[in-house]
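Trainee: Contents of model.cif (mmCIF, C-alpha atoms) are given next:
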```
data_coords
#
loop_
_atom_site.label_atom_id
_atom_site.label_comp_id
_atom_site.auth_asym_id
_atom_site.auth_seq_id
_atom_site.Cartn_x
_atom_site.Cartn_y
_atom_site.Cartn_z
CA MET A 1 -211.24 157.58 -29.61
CA LYS A 2 -210.56 160.97 -31.20
CA ASN A 3 -214.02 162.13 -30.15
CA ALA A 4 -213.45 160.90 -26.62
CA VAL A 5 -210.25 162.93 -26.39
CA ASN A 6 -211.89 165.99 -27.93
CA HIS A 7 -214.62 165.74 -25.37
CA LEU A 8 -212.00 165.87 -22.62
CA ARG A 9 -210.53 168.99 -24.16
CA THR A 10 -213.50 171.22 -23.54
CA LYS A 11 -212.66 174.17 -21.33
CA LYS A 12 -211.89 173.08 -17.76
CA LYS A 13 -209.90 174.28 -14.80
CA TYR A 14 -208.13 172.46 -11.99
CA HIS A 15 -206.53 174.09 -8.99
CA LEU A 16 -204.06 172.85 -6.38
CA ARG A 17 -202.99 174.98 -3.41
CA ILE A 18 -200.14 173.41 -1.51
CA PRO A 19 -197.50 174.37 1.11
CA SER A 20 -194.11 175.39 -0.22
CA GLN A 21 -192.19 172.23 0.69
CA THR A 22 -189.93 170.10 -1.49
CA GLU A 23 -191.64 166.94 -0.25
CA ASN A 24 -194.81 168.20 -2.00
CA LEU A 25 -193.13 168.23 -5.43
CA GLU A 26 -194.16 164.59 -5.79
CA ILE A 27 -197.84 165.49 -5.27
CA ILE A 28 -197.58 168.47 -7.62
CA ARG A 29 -196.09 166.25 -10.35
CA GLU A 30 -198.83 163.65 -9.91
CA PHE A 31 -201.54 166.30 -10.06
CA VAL A 32 -200.25 167.72 -13.33
CA THR A 33 -199.35 164.43 -15.03
CA LYS A 34 -202.75 162.89 -14.21
CA ILE A 35 -204.49 165.74 -16.00
CA ALA A 36 -202.03 165.80 -18.91
CA ARG A 37 -202.56 162.08 -19.56
CA LYS A 38 -206.30 162.40 -19.22
CA VAL A 39 -206.46 165.00 -21.99
CA GLY A 40 -204.45 162.77 -24.30
CA PHE A 41 -200.80 163.82 -24.07
CA ARG A 42 -198.43 160.97 -24.81
CA ASP A 43 -195.73 159.93 -22.35
CA GLU A 44 -192.99 162.09 -23.82
CA GLU A 45 -195.04 165.30 -23.77
CA THR A 46 -196.46 164.47 -20.34
CA GLY A 47 -192.89 164.04 -19.08
CA LYS A 48 -191.95 167.48 -20.41
CA ILE A 49 -194.90 169.12 -18.69
CA GLU A 50 -194.11 167.24 -15.46
CA LEU A 51 -190.50 168.43 -15.46
CA ALA A 52 -191.32 172.05 -16.39
CA VAL A 53 -193.84 172.30 -13.53
CA ASP A 54 -191.41 170.68 -11.07
CA GLU A 55 -188.68 173.16 -12.06
CA ALA A 56 -191.03 176.14 -11.69
CA CYS A 57 -192.23 175.00 -8.25
CA THR A 58 -188.70 174.16 -7.11
CA ASN A 59 -187.70 177.74 -7.96
CA VAL A 60 -190.62 179.06 -5.92
CA ILE A 61 -189.80 176.84 -2.91
CA GLU A 62 -186.06 177.49 -2.90
CA HIS A 63 -185.85 181.06 -4.18
CA ALA A 64 -189.12 183.01 -4.11
CA TYR A 65 -190.13 181.72 -0.68
CA GLY A 66 -186.60 181.18 0.58
CA GLN A 67 -187.61 177.79 2.06
CA ASP A 68 -190.34 179.26 4.29
CA ASP A 69 -192.55 176.18 4.35
CA ARG A 70 -195.65 177.96 5.72
CA LYS A 71 -196.12 179.78 2.41
CA LEU A 72 -198.48 178.47 -0.27
CA ILE A 73 -198.07 177.78 -3.97
CA ASP A 74 -201.05 177.86 -6.33
CA ILE A 75 -200.97 175.60 -9.35
CA GLU A 76 -203.75 176.06 -11.86
CA VAL A 77 -204.24 173.90 -14.92
CA GLN A 78 -206.55 175.17 -17.62
CA ILE A 79 -207.66 173.05 -20.54
CA ASP A 80 -208.54 174.98 -23.66
CA PRO A 81 -209.65 173.30 -26.90
CA ASP A 82 -206.20 173.84 -28.43
CA LYS A 83 -203.87 174.07 -25.46
CA PHE A 84 -202.89 173.11 -21.92
CA ILE A 85 -202.07 176.09 -19.70
CA ILE A 86 -200.36 175.87 -16.32
CA THR A 87 -200.15 178.92 -14.10
CA ILE A 88 -198.00 178.84 -10.98
CA THR A 89 -198.44 181.69 -8.51
CA ASP A 90 -196.55 182.65 -5.37
CA GLN A 91 -196.39 185.67 -3.09
CA GLY A 92 -192.66 185.48 -2.54
CA LYS A 93 -189.70 187.58 -3.52
CA GLY A 94 -189.86 186.78 -7.19
CA PHE A 95 -187.12 187.65 -9.59
CA ASP A 96 -186.38 190.05 -12.39
CA PRO A 97 -187.64 188.57 -15.67
CA GLN A 98 -185.09 190.78 -17.44
CA LYS A 99 -182.35 188.66 -15.99
CA LEU A 100 -183.74 185.52 -17.59
CA LYS A 101 -181.34 185.27 -20.47
CA THR A 102 -180.77 181.92 -22.08
CA PRO A 103 -177.67 180.69 -20.32
CA ASP A 104 -174.49 180.03 -22.21
CA MET A 105 -174.49 176.27 -21.59
CA LYS A 106 -170.89 175.67 -22.56
CA LYS A 107 -169.63 178.33 -20.18
CA TYR A 108 -172.13 177.18 -17.59
CA LEU A 109 -171.04 173.57 -17.63
CA ASP A 110 -167.36 174.50 -17.80
CA GLU A 111 -167.76 176.40 -14.59
CA MET A 112 -169.58 173.44 -13.00
CA ARG A 113 -172.03 175.67 -11.29
CA VAL A 114 -174.78 173.96 -9.37
CA GLY A 115 -178.47 174.78 -9.76
CA GLY A 116 -180.19 177.46 -11.82
CA LEU A 117 -180.88 175.21 -14.79
CA GLY A 118 -184.62 175.21 -14.13
CA VAL A 119 -185.61 178.23 -16.21
CA PHE A 120 -183.59 176.99 -19.16
CA LEU A 121 -185.43 173.66 -18.98
CA MET A 122 -188.85 175.31 -18.61
CA LYS A 123 -188.24 177.38 -21.76
CA THR A 124 -187.01 174.36 -23.68
CA LEU A 125 -189.76 171.97 -22.62
CA MET A 126 -192.83 174.17 -23.09
CA ASP A 127 -194.23 175.94 -26.17
CA GLU A 128 -194.71 179.27 -24.41
CA ILE A 129 -193.62 180.71 -21.10
CA ASP A 130 -194.27 184.10 -19.50
CA PHE A 131 -193.23 185.54 -16.18
CA GLU A 132 -195.30 188.23 -14.62
CA VAL A 133 -195.11 190.26 -11.43
CA LYS A 134 -198.48 191.56 -10.29
CA GLY A 135 -198.58 194.29 -7.68
CA GLY A 136 -201.66 194.88 -5.56
CA ARG A 137 -202.76 196.32 -2.26
CA ARG A 138 -202.66 192.86 -0.74
CA GLY A 139 -199.08 192.43 -1.80
CA ARG A 140 -197.31 191.29 -4.89
CA LYS A 141 -197.70 188.07 -6.77
CA ASN A 142 -195.32 186.30 -9.10
CA GLN A 143 -196.81 184.25 -11.85
CA VAL A 144 -195.32 181.84 -14.34
CA ARG A 145 -197.61 180.82 -17.17
CA MET A 146 -196.61 177.89 -19.34
CA VAL A 147 -198.41 176.61 -22.42
CA LYS A 148 -198.29 173.33 -24.34
CA TYR A 149 -200.35 173.09 -27.54
CA PHE A 150 -202.17 169.89 -28.36
CA ALA A 151 -201.41 170.31 -32.07
CA ASN A 152 -197.69 170.01 -31.46
CA GLN A 153 -197.94 166.38 -30.64
CA ARG A 154 -198.77 163.84 -33.29
CA SER A 155 -201.47 161.62 -31.92
CA MET B 124 -189.21 155.57 2.57
CA ASN B 125 -188.61 158.82 0.85
CA GLY B 126 -189.53 157.86 -2.71
CA PHE B 127 -185.82 157.54 -3.37
CA GLU B 128 -183.14 155.02 -2.44
CA VAL B 129 -179.42 154.68 -3.09
CA MET B 130 -177.74 151.29 -2.82
CA ARG B 131 -173.99 150.99 -2.76
CA ASP B 132 -171.95 148.10 -4.13
CA GLU B 133 -168.21 147.64 -4.35
CA ASN B 134 -166.55 146.02 -7.33
CA GLY B 135 -162.79 146.09 -6.76
CA ALA B 136 -161.61 149.67 -7.00
CA VAL B 137 -164.96 150.76 -8.41
CA SER B 138 -168.00 151.76 -6.35
CA VAL B 139 -171.46 151.44 -7.82
CA LEU B 140 -174.44 153.50 -6.69
CA ARG B 141 -177.81 152.13 -7.75
CA LEU B 142 -180.59 154.69 -7.73
CA LYS B 143 -184.23 153.85 -7.26
CA GLY B 144 -187.36 156.01 -7.31
CA PHE B 145 -187.33 159.72 -8.12
CA LEU B 146 -184.57 162.29 -7.83
CA ASP B 147 -185.86 165.83 -7.30
CA ALA B 148 -185.16 168.83 -5.05
CA HIS B 149 -186.44 166.82 -2.10
CA THR B 150 -184.37 163.68 -2.56
CA ALA B 151 -181.20 165.16 -4.12
CA SER B 152 -179.66 165.56 -0.66
CA ASP B 153 -179.79 161.77 -0.14
CA LEU B 154 -177.67 161.26 -3.24
CA GLU B 155 -175.38 164.09 -2.17
CA ARG B 156 -174.75 162.31 1.13
CA ALA B 157 -174.09 158.99 -0.60
CA ILE B 158 -171.50 160.52 -2.94
CA GLN B 159 -169.91 162.53 -0.14
CA LYS B 160 -169.53 159.28 1.81
CA LEU B 161 -167.71 157.70 -1.15
CA LEU B 162 -165.30 160.63 -1.29
CA ASP B 163 -164.76 160.44 2.48
CA ASP B 164 -163.87 156.77 1.95
CA LYS B 165 -161.45 157.78 -0.82
CA ARG B 166 -163.52 155.96 -3.42
CA PHE B 167 -163.20 158.07 -6.55
CA LYS B 168 -164.04 155.55 -9.27
CA ILE B 169 -167.80 155.78 -9.30
CA ILE B 170 -170.54 154.28 -11.44
CA VAL B 171 -174.09 155.52 -11.02
CA ASN B 172 -176.68 153.06 -12.31
CA PHE B 173 -180.04 154.68 -13.21
CA LYS B 174 -181.90 151.49 -14.09
CA ASP B 175 -184.60 151.89 -11.42
CA LEU B 176 -184.76 155.67 -11.44
CA THR B 177 -188.11 156.83 -12.75
CA TYR B 178 -187.66 160.62 -12.72
CA ILE B 179 -184.99 163.30 -12.47
CA SER B 180 -185.10 167.11 -12.31
CA SER B 181 -182.26 169.63 -12.56
CA ALA B 182 -181.78 169.40 -8.77
CA GLY B 183 -180.72 165.78 -9.32
CA LEU B 184 -178.37 166.64 -12.18
CA GLY B 185 -176.87 169.40 -10.08
CA VAL B 186 -175.55 166.79 -7.63
CA PHE B 187 -173.27 165.29 -10.28
CA MET B 188 -172.02 168.73 -11.28
CA GLY B 189 -171.22 169.47 -7.66
CA PHE B 190 -168.84 166.52 -7.26
CA ILE B 191 -167.27 165.85 -10.65
CA GLU B 192 -164.40 168.27 -10.25
CA GLU B 193 -163.23 166.82 -6.94
CA VAL B 194 -163.59 163.27 -8.25
CA ARG B 195 -161.53 163.95 -11.39
CA THR B 196 -158.89 165.86 -9.44
CA ASN B 197 -158.39 162.59 -7.54
CA SER B 198 -157.92 160.56 -10.75
CA GLY B 199 -161.43 159.20 -10.56
CA ASP B 200 -164.58 159.65 -12.58
CA ILE B 201 -168.36 159.44 -12.30
CA LYS B 202 -169.77 157.27 -15.09
CA LEU B 203 -173.51 157.08 -15.66
CA THR B 204 -175.30 153.96 -16.90
CA ASN B 205 -178.63 152.28 -17.67
CA MET B 206 -180.69 155.43 -18.20
CA SER B 207 -184.20 155.13 -19.59
CA PRO B 208 -184.92 157.35 -22.61
CA LYS B 209 -186.90 159.67 -20.31
CA ILE B 210 -183.95 160.20 -17.95
CA PHE B 211 -181.42 160.45 -20.77
CA ARG B 212 -183.46 163.19 -22.44
CA VAL B 213 -182.98 165.47 -19.43
CA PHE B 214 -179.22 164.88 -19.32
CA ASP B 215 -179.09 165.45 -23.06
CA LEU B 216 -181.03 168.73 -22.91
CA LEU B 217 -178.49 170.09 -20.43
CA GLY B 218 -175.48 169.03 -22.47
CA PHE B 219 -174.22 166.32 -20.14
CA PRO B 220 -173.18 163.78 -22.79
CA THR B 221 -170.16 165.93 -23.70
CA LEU B 222 -169.07 166.12 -20.07
CA TYR B 223 -169.87 162.70 -18.63
CA GLU B 224 -169.35 159.18 -19.84
CA ILE B 225 -172.85 157.75 -20.28
CA ARG B 226 -173.08 154.01 -21.04
CA ASN B 227 -175.97 151.71 -21.78
CA GLU B 228 -174.79 149.02 -19.38
CA GLU B 229 -172.98 149.02 -16.06
CA GLY B 230 -170.51 146.41 -17.39
CA GLN B 231 -169.30 148.81 -20.08
CA ALA B 232 -168.51 151.46 -17.50
CA LEU B 233 -166.68 148.86 -15.35
CA ASP B 234 -164.61 147.79 -18.36
CA SER B 235 -163.69 151.36 -19.18
CA PHE B 236 -162.48 151.91 -15.60
CA HIS B 237 -160.44 148.68 -15.67
CA ASN B 238 -158.92 149.33 -19.06
CA LYS B 239 -157.67 152.68 -17.88
CA LYS B 240 -155.66 151.54 -14.86
#
```
When written as structure tokens, how does the structure in this file appear?
Mentor:
Amino acid sequence: MKNAVNHLRTKKKYHLRIPSQTENLEIIREFVTKIARKVGFRDEETGKIELAVDEACTNVIEHAYGQDDRKLIDIEVQIDPDKFIITITDQGKGFDPQKLKTPDMKKYLDEMRVGGLGVFLMKTLMDEIDFEVKGGRRGRKNQVRMVKYFANQRS
Amino acid sequence: MNGFEVMRDENGAVSVLRLKGFLDAHTASDLERAIQKLLDDKRFKIIVNFKDLTYISSAGLGVFMGFIEEVRTNSGDIKLTNMSPKIFRVFDLLGFPTLYEIRNEEGQALDSFHNKK
């Protein structure tokens, strides 16, 4: 069994390109959870990856693309021998990574503000997370890269 | 079907919403409408039963945050019940257990409403 799982963890890449629409979140979650299960993540860790990816894509749909449903989101899953890497790319407005402070949850909940909890969840659920803005002649790209290590789950 | 359903039941002064399917940024507006309808009907004692909910994201949790103030101002409450460990984990991560009454069973939430009147 261990060998079978190790075999599945040789370097591989999967790519989903999908319109920026909330109804597609279901498909995005299925895409990512199918792969996570296949490489041996247990339910709890798979659930964390599922939620982190949903939150990242929800941010793209609602903020970066401002609900323009003709825009596309790229979701890439890369399997390395030791880790599971998800990269989510959009060509939308993006946001200033400097502003991504860990929110003061007490104050936050006291104020009963709605929304904006996604980044906090992504940071909590994944082992690593980086935000990057890439400029180019063909326009700018925003990228979120999230990592979950296989070693961090006891299998 | 949208992947998400809300069913409403009345139990005396208490209204129960039973959620089924997944609650994300796409389906959160369905729950928003269901709760808004309760408030329009002046039903402020609310139980939300999560027994058949398979998934929730922060968009779903945001719905409860959006209404709780108005509900409590009207001497009501939103009590949450029957969460699977997977659903509870998300509420827990965002600090909800200090803010909302979360019960294992719907009956316990009903009792706590009745004992308070």
Trainee: For this structure, which residues satisfy the selection - the PyMOL selection byres ((chain B) within 9 of (chain A)) - when it is evaluated on the file as given? I want them as a PyMOL selection string.
Mentor: chain B and resi 125-126+145+147-150+178-182+184-189+191-192+209+213+216-219+222
Trainee: Once you have the residues from the selection above, write them out as a PDB file, keeping the file's coordinate frame, restricted to C-alpha atoms.
Mentor:
```pdb
ATOM      1  CA  ASN B 125    -188.610 158.820   0.850  1.00  0.00           C
ATOM      2  CA  GLY B 126    -189.530 157.860  -2.710  1.00  0.00           C
ATOM      3  CA  PHE B 145    -187.330 159.720  -8.120  1.00  0.00           C
ATOM      4  CA  ASP B 147    -185.860 165.830  -7.300  1.00  0.00           C
ATOM      5  CA  ALA B 148    -185.160 168.830  -5.050  1.00  0.00           C
ATOM      6  CA  HIS B 149    -186.440 166.820  -2.100  1.00  0.00           C
ATOM      7  CA  THR B 150    -184.370 163.680  -2.560  1.00  0.00           C
ATOM      8  CA  TYR B 178    -187.660 160.620 -12.720  1.00  0.00           C
ATOM      9  CA  ILE B 179    -184.990 163.300 -12.470  1.00  0.00           C
ATOM     10  CA  SER B 180    -185.100 167.110 -12.310  1.00  0.00           C
ATOM     11  CA  SER B 181    -182.260 169.630 -12.560  1.00  0.00           C
ATOM     12  CA  ALA B 182    -181.780 169.400  -8.770  1.00  0.00           C
ATOM     13  CA  LEU B 184    -178.370 166.640 -12.180  1.00  0.00           C
ATOM     14  CA  GLY B 185    -176.870 169.400 -10.080  1.00  0.00           C
ATOM     15  CA  VAL B 186    -175.550 166.790  -7.630  1.00  0.00           C
ATOM     16  CA  PHE B 187    -173.270 165.290 -10.280  1.00  0.00           C
ATOM     17  CA  MET B 188    -172.020 168.730 -11.280  1.00  0.00           C
ATOM     18  CA  GLY B 189    -171.220 169.470  -7.660  1.00  0.00           C
ATOM     19  CA  ILE B 191    -167.270 165.850 -10.650  1.00  0.00           C
ATOM     20  CA  GLU B 192    -164.400 168.270 -10.250  1.00  0.00           C
ATOM     21  CA  LYS B 209    -186.900 159.670 -20.310  1.00  0.00           C
ATOM     22  CA  VAL B 213    -182.980 165.470 -19.430  1.00  0.00           C
ATOM     23  CA  LEU B 216    -181.030 168.730 -22.910  1.00  0.00           C
ATOM     24  CA  LEU B 217    -178.490 170.090 -20.430  1.00  0.00           C
ATOM     25  CA  GLY B 218    -175.480 169.030 -22.470  1.00  0.00           C
ATOM     26  CA  PHE B 219    -174.220 166.320 -20.140  1.00  0.00           C
ATOM     27  CA  LEU B 222    -169.070 166.120 -20.070  1.00  0.00           C
TER      28      LEU B 222
END
```
Trainee: Give me, as an MDAnalysis selection string, all polymer residues having an atom no more than 8 Å from segment 193-208 of chain B, counting all atoms listed in the file and skipping those fewer than 6 positions away in the same chain.
Mentor: chainID B and resid 162 167:174 176 187 223:229 232
Trainee: Counting only C-alpha atoms, figure out which residue out of B:Arg131, B:Lys143, B:His237, B:Arg156 gets nearest to Thr177 of chain B.
Mentor: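 For Thr177 of chain B, the nearest of the candidates is B:Lys143.
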Trainee: Listed atoms of segment 126-140 of chain B, axis-aligned box, 8 Å per side: centre and edge lengths to one decimal in Å, as AutoDock Vina command-line options?
Mentor:
```
--center_x -175.6 --center_y 151.9 --center_z -5.4 --size_x 43.9 --size_y 27.8 --size_z 22.0
```
Trainee: So which one's closest to Lys11 of chain A, A:Tyr65, A:Phe84, A:Phe41, A:Phe31? Using only C-alpha atoms, please.
Mentor: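 Looking at the shortest contact to Lys11 of chain A, the residue is A:Phe84.
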Trainee: Near Lys83 of chain A, within 10 Å and counting only C-alpha atoms, which residues show up once chain neighbours fewer than 3 positions away are dropped, as a list in words?
Mentor: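 My reading of the contact set: Arg9, Lys11, Gln78, Ile79, Asp80, Ile86, Asp127, Val147, Lys148, Tyr149, Phe150, Ala151 and Asn152 of chain A.
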